[in-house]
Every structure is written in structure tokens, then in C-alpha cells.
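Peer 1: The following block contains the structure, expressed as C-alpha cells.
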Amino acid sequence: MDTKNGKTISLALGSGGARGLAHIGVIRTLEREGWQIGAISGSSIGALIGGFYAAGKLDDYAEWVQEITEFNVLRYLDIAWGGAGMLKGEMLMETLQEFVGRHRIEDLPIPLTIVATDVLTRKEIWLHRGDLFDAIRASIAVPMIFTPHTVNGRPLLDGGILNPVPIAPTLQDPTDAIFAVSLAGVPKKPGGSSRRSHVPVEKPKHRYHKAIEAFIDQLQDKLGLSDDRDGSDGPSLSITDTALLSLDAMQASIGRCMLAAYPPDLLIEVPINTCGAHEFYRAAEVIRAGEESTERALERFERG
């Protein structure tokens, strides 16, 4: 493929749960506009999308994720009884493994760095070698949601905990420019293409959804995790909502600091209210948001 002005880029893909599906739209737009991706770094969902792209399987993943509905996603939620997280993630990862197969990071045609967090040593870990899916599984291990994943004897968690926009791993790449994608951009104003806020909204629920919520409520009661409502009129937040929104806020703050310390040549920002961190069933809409954000950023970049 011809490159834009003969140049290649390093692409840093940030964390942000389901908003990370926007990375698919980012990559498609960059390719369509003639930019060649010469290296990738990714945290959390950015590691997953970056890994699938480097392995040549991004289109397969994009097709699958756009078929997910709000209810069939539940089949992948395997509860981790007594573990360090609510979900083991094994069913989901087995499904994803079928798409991409077995790869070692060092053998991929595009250099890839996957960022994870060693919470015991409180250090950021850069994974350049080893099994691709081991590294992805570690980087997407959202605290309280997924159990940690052990790599080289170390229990690792979500890369976005310490580095939600992983620009630093790209600084030594032999590419011509660094493009970074932040999933914590300025919220889109009401009336824009983003239809919902990232704050959960009360809406009618399917009877199976209600049954699952009742089961989770019973489980939380037994574990002593029930949330006490104070009778206020604000949105009711589950433990999962609270964990994801707290992580969102933390990562947005850390991300701003990272971007100030390591400013990229081009920053592509996806509005933080594009979707909720768990709303993977909105894939088509979020992918399009990634395309739109990239188009706007490239227009600014090319104007100089």
C-alpha cells in the first residue's frame, strides 16, 4: 500500500472499554487515507484491537462484535466464584482465540507492544514477546470485573490503570510520526450522533435481563456486597457501574497527564460519552464514531 507522503506511523491505542471499538474505525480511516501503520502499542481494549490488527484478523473480529446484542453478550459472562474478579473471562477469550489463532508477539508482521499493570509491584509492564492472547488477556483484566492473568509468574491487570494512552512505548519506533487515540475526549453535546450518555439510563428491560439482575442481586446479598439505596432521584448504580465509571474517571485524568508528558504528532479523541464502557452491543455506532473522530483529526493535521 502506498503511504501518505511516503511516511509510516506508530499508533498508540488507548483504554476505555467498549469505546475502544472506535479503534476499528480509526484504523480503517487511516488505511483509507493512505497512512501505513508501522508499529502499535495498546492498553486494555487498545491491546485487543491492536493485537487483532497486527495478526491480520481485525475484520473477522469487527464482523463478530457487530452481531452482539444486549442480551446474547450474557453467554460470555462466566462468574468467578471466590476469585479476585467477578468474571473469569475464559469463555470470552476462548471465543476470541478461535478468530485469531495462536501467535507470538515477536512473530507478528507489525511490531506490537501490549501494556499491562503488575499491581503487586505497582509497575507498568510492556509485553513485546510471548503468547499474544496471554498478553491481551492480561491487559484487558479490568479490576473487580475480570480476574488477574498470570504472565511469566506475575499476576497482571488492565494496562489502562497506569497508562491509558500508551505513547511512551512508541518513542523509539523507527516510524515517521506518532498518532495516539484517546477514548476520553470532550463529551459530545446532546443532539450529536452519540445517542446516549455514558451514565446508565433506566429503560424497560427484557424478562431475561431482569432474571439475571435478580440473580446478581441475590449473589451480592450473600457476599455482603449489596448497595444501599438512599432513596435519591439520581441514577441507580450497580457495583459494576460504579467500578467502570470510577475507572473511566481515573483513566481520563491519568491520560491527560500522559498526553502532556508525551504529546503525539496527532491526537485522535473519541468523546467519552460515545457509549458506556460495557456497551459492546453498540459496535457499529462506535466504529463509526471512530471514523468520524479520525476524519476530523486528519483534517486538522493536514491543514497544519
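Chain labels A, B, ... are given in the sequence in which chains occur in the C-alpha cells; within each chain residues are numbered consecutively from 1, and ligands are likewise numbered from 1 in the order shown.
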Pick out the residues sitting within 7 Å of stretch 35-44 of chain A, and hand them over as an mmCIF file with N, CA, C and O atoms, in the first residue's frame; count only C-alpha atoms, and ignore anything fewer than 5 positions along from it in its own chain.
Peer 2:
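The resulting file, result_29.cif, is reproduced below:
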data_model
loop_
_atom_site.group_PDB
_atom_site.id
_atom_site.type_symbol
_atom_site.label_atom_id
_atom_site.label_comp_id
_atom_site.auth_asym_id
_atom_site.auth_seq_id
_atom_site.Cartn_x
_atom_site.Cartn_y
_atom_site.Cartn_z
ATOM 1 N N THR A 3 2.078 4.799 1.037
ATOM 2 C CA THR A 3 1.933 5.528 2.289
ATOM 3 C C THR A 3 1.649 7.001 1.995
ATOM 4 O O THR A 3 1.917 7.508 0.916
ATOM 5 N N LYS A 4 1.101 7.678 2.988
ATOM 6 C CA LYS A 4 0.798 9.100 2.854
ATOM 7 C C LYS A 4 2.112 9.869 2.858
ATOM 8 O O LYS A 4 2.831 9.873 3.873
ATOM 9 N N THR A 8 5.418 6.482 7.525
ATOM 10 C CA THR A 8 4.735 5.486 8.350
ATOM 11 C C THR A 8 4.463 6.084 9.720
ATOM 12 O O THR A 8 5.104 7.056 10.132
ATOM 13 N N ILE A 9 3.528 5.472 10.438
ATOM 14 C CA ILE A 9 3.167 5.983 11.766
ATOM 15 C C ILE A 9 3.214 4.872 12.803
ATOM 16 O O ILE A 9 3.034 3.694 12.493
ATOM 17 N N SER A 10 3.483 5.268 14.040
ATOM 18 C CA SER A 10 3.231 4.419 15.203
ATOM 19 C C SER A 10 1.878 4.816 15.755
ATOM 20 O O SER A 10 1.565 6.008 15.846
ATOM 21 N N LEU A 11 1.077 3.823 16.129
ATOM 22 C CA LEU A 11 -0.289 4.085 16.582
ATOM 23 C C LEU A 11 -0.454 3.612 18.018
ATOM 24 O O LEU A 11 -0.288 2.427 18.315
ATOM 25 N N ALA A 12 -0.755 4.553 18.924
ATOM 26 C CA ALA A 12 -0.988 4.244 20.333
ATOM 27 C C ALA A 12 -2.493 4.201 20.578
ATOM 28 O O ALA A 12 -3.180 5.218 20.429
ATOM 29 N N LEU A 13 -3.002 3.017 20.940
ATOM 30 C CA LEU A 13 -4.438 2.805 21.120
ATOM 31 C C LEU A 13 -4.792 2.759 22.598
ATOM 32 O O LEU A 13 -4.322 1.885 23.338
ATOM 33 N N GLY A 14 -5.640 3.676 23.026
ATOM 34 C CA GLY A 14 -5.940 3.831 24.436
ATOM 35 C C GLY A 14 -7.000 2.892 24.977
ATOM 36 O O GLY A 14 -7.650 2.144 24.246
ATOM 37 N N SER A 15 -7.168 2.938 26.301
ATOM 38 C CA SER A 15 -8.136 2.103 27.011
ATOM 39 C C SER A 15 -9.451 2.840 27.176
ATOM 40 O O SER A 15 -9.506 4.066 27.125
ATOM 41 N N LEU A 30 -7.538 5.531 8.731
ATOM 42 C CA LEU A 30 -6.118 5.782 8.461
ATOM 43 C C LEU A 30 -5.664 5.022 7.218
ATOM 44 O O LEU A 30 -4.954 5.562 6.361
ATOM 45 N N GLY A 50 -5.406 -3.726 18.712
ATOM 46 C CA GLY A 50 -4.084 -3.694 18.104
ATOM 47 C C GLY A 50 -3.552 -5.082 17.810
ATOM 48 O O GLY A 50 -2.945 -5.324 16.763
ATOM 49 N N ILE A 110 3.648 -6.744 12.272
ATOM 50 C CA ILE A 110 3.722 -5.360 12.742
ATOM 51 C C ILE A 110 4.210 -5.379 14.191
ATOM 52 O O ILE A 110 3.637 -6.080 15.027
ATOM 53 N N PRO A 111 5.271 -4.634 14.514
ATOM 54 C CA PRO A 111 5.738 -4.581 15.900
ATOM 55 C C PRO A 111 4.616 -4.140 16.841
ATOM 56 O O PRO A 111 3.915 -3.159 16.570
ATOM 57 N N LEU A 112 4.455 -4.881 17.938
ATOM 58 C CA LEU A 112 3.345 -4.641 18.860
ATOM 59 C C LEU A 112 3.841 -4.632 20.291
ATOM 60 O O LEU A 112 4.606 -5.518 20.696
ATOM 61 N N THR A 113 3.415 -3.637 21.054
ATOM 62 C CA THR A 113 3.668 -3.584 22.491
ATOM 63 C C THR A 113 2.332 -3.569 23.215
ATOM 64 O O THR A 113 1.491 -2.698 22.957
ATOM 65 N N ILE A 114 2.138 -4.528 24.096
ATOM 66 C CA ILE A 114 0.920 -4.592 24.900
ATOM 67 C C ILE A 114 1.258 -4.172 26.325
ATOM 68 O O ILE A 114 2.205 -4.688 26.932
ATOM 69 N N VAL A 115 0.485 -3.227 26.840
ATOM 70 C CA VAL A 115 0.732 -2.667 28.165
ATOM 71 C C VAL A 115 -0.209 -3.296 29.182
ATOM 72 O O VAL A 115 -1.423 -3.372 28.958
ATOM 73 N N ALA A 116 0.348 -3.763 30.292
ATOM 74 C CA ALA A 116 -0.432 -4.301 31.407
ATOM 75 C C ALA A 116 0.113 -3.698 32.696
ATOM 76 O O ALA A 116 1.084 -2.926 32.678
ATOM 77 N N SER A 139 -3.934 -7.523 29.677
ATOM 78 C CA SER A 139 -4.159 -6.094 29.502
ATOM 79 C C SER A 139 -5.618 -5.694 29.618
ATOM 80 O O SER A 139 -5.915 -4.535 29.944
ATOM 81 N N ILE A 140 -6.560 -6.638 29.380
ATOM 82 C CA ILE A 140 -7.986 -6.287 29.479
ATOM 83 C C ILE A 140 -8.606 -6.693 30.817
ATOM 84 O O ILE A 140 -9.818 -6.633 30.975
ATOM 85 N N ASP A 158 -5.361 -4.723 34.022
ATOM 86 C CA ASP A 158 -5.616 -3.772 32.943
ATOM 87 C C ASP A 158 -4.462 -2.775 32.752
ATOM 88 O O ASP A 158 -4.041 -2.104 33.687
ATOM 89 N N GLY A 159 -3.995 -2.662 31.502
ATOM 90 C CA GLY A 159 -2.917 -1.726 31.211
ATOM 91 C C GLY A 159 -3.313 -0.280 31.403
ATOM 92 O O GLY A 159 -2.463 0.587 31.643
ATOM 93 N N GLY A 160 -4.616 0.008 31.310
ATOM 94 C CA GLY A 160 -5.078 1.380 31.459
ATOM 95 C C GLY A 160 -5.009 1.909 32.872
ATOM 96 O O GLY A 160 -5.177 3.110 33.089
ATOM 97 N N PRO A 164 -3.244 4.754 30.281
ATOM 98 C CA PRO A 164 -4.426 4.641 29.431
ATOM 99 C C PRO A 164 -4.227 5.112 27.998
ATOM 100 O O PRO A 164 -5.058 4.813 27.133
ATOM 101 N N PRO A 166 -0.992 4.745 25.715
ATOM 102 C CA PRO A 166 0.409 4.274 25.779
ATOM 103 C C PRO A 166 1.299 4.813 24.666
ATOM 104 O O PRO A 166 1.680 4.099 23.736
ATOM 105 N N PRO A 169 5.709 3.716 24.806
ATOM 106 C CA PRO A 169 6.318 2.571 24.124
ATOM 107 C C PRO A 169 6.630 2.822 22.649
ATOM 108 O O PRO A 169 7.390 2.052 22.045
ATOM 109 N N THR A 170 6.075 3.870 22.064
ATOM 110 C CA THR A 170 6.293 4.137 20.635
ATOM 111 C C THR A 170 7.465 5.084 20.373
ATOM 112 O O THR A 170 7.839 5.293 19.215
ATOM 113 N N THR A 175 9.556 4.926 13.033
ATOM 114 C CA THR A 175 8.500 5.444 12.162
ATOM 115 C C THR A 175 8.630 6.959 12.077
ATOM 116 O O THR A 175 9.409 7.577 12.807
#
Peer 1: Just want the 6 Å neighbourhood of stretch 284-287 of chain A, counted on only C-alpha atoms, with same-chain residues fewer than 6 positions away dropped. Output as a list in words.
Peer 2: Leu21, Ala22, Ile24, Gly25 and Gln66 of chain A
Peer 1: Which value, in Å to one decimal, gives the distance between atom CA of A:Pro187 and atom CA of A:Glu67?
Peer 2: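 Atom CA of A:Glu67 lies at a distance of 26.5 Å from atom CA of A:Pro187.
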Peer 1: Smallest atom-to-atom distance to A:Ala277: which of A:Ile178, A:Arg102, A:Lys123, A:Leu247, using only C-alpha atoms?
Peer 2: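 For A:Ala277, the nearest of the candidates is A:Leu247.
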Peer 1: Suppose you want the space between atom CA of A:Pro271 and atom CA of A:Trp64; what is it in Å?
Peer 2: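 Atom CA of A:Trp64 lies 23.9 Å from atom CA of A:Pro271.
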Peer 1: Here is a test: counting only C-alpha atoms, which residue of A:Leu171, A:Val100, A:Ala261, A:Cys275 is nearest to A:Leu245?
Peer 2: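 Of all the options, A:Cys275 lies closest to A:Leu245.
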Peer 1: Step one, run DSSP on the backbone; step two, keep only residues of stretch 120-199 of chain A assigned to strand (DSSP E or B); then write them as a ChimeraX atom specification.
Peer 2: /A:123-127,131,144-146,149-151,154-157,177-185
Peer 1: Which residues are close to A:Ala168, i.e. within 10 Å by only C-alpha atoms, leaving aside same-chain residues fewer than 4 positions away? Reply as a list in words.
Peer 2: Ala12, Ser41, Asn163, Gln172, Met258, Leu259, Ala261, Tyr262, Pro263 and Pro264 of chain A
Peer 1: For a quick check of understanding, using only C-alpha atoms, which of A:Asn72, A:Thr117, A:Ser238, A:Thr95 has the smallest distance to A:Ala138?
Peer 2: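 Checking each candidate against A:Ala138, we get A:Thr117 as the closest.
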Peer 1: So, counting only C-alpha atoms, which residue among A:Ile272, A:Met91, A:Ala249, A:Ile136 is closest to A:Phe52?
Peer 2: A:Ile136
Peer 1: Name the closest residue to A:Ile167 among the candidates A:Leu266, A:Ala283, A:Val142, A:Ile49; distances are taken between atoms, counting only C-alpha atoms.
Peer 2: A:Leu266
Peer 1: Would you compute the distance between atom CA of A:Ile161 and atom CA of A:Gln251? Give it in Å to one decimal.
Peer 2: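 For atom CA of A:Ile161 relative to atom CA of A:Gln251, the distance reads 6.6 Å.
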Peer 1: Which residues, written as a list of chain:residue names, have at least one atom at most 6 Å from A:Val26, with only C-alpha atoms counted and residues fewer than 6 positions away on the same chain left out?
Peer 2: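 These residues fall inside the cut-off: A:Gly290, A:Glu291, A:Thr294.
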Peer 1: So which bits of stretch 53-143 of chain A end up helix (DSSP H, G or I) when you DSSP the backbone, as JSON, numbers by chain?
Peer 2: {"A": [53, 54, 58, 59, 60, 61, 62, 63, 64, 65, 72, 73, 74, 75, 76, 90, 91, 92, 93, 94, 95, 96, 97, 98, 99, 100, 105, 106, 107, 132, 133, 134, 135, 136, 137, 138, 139]}
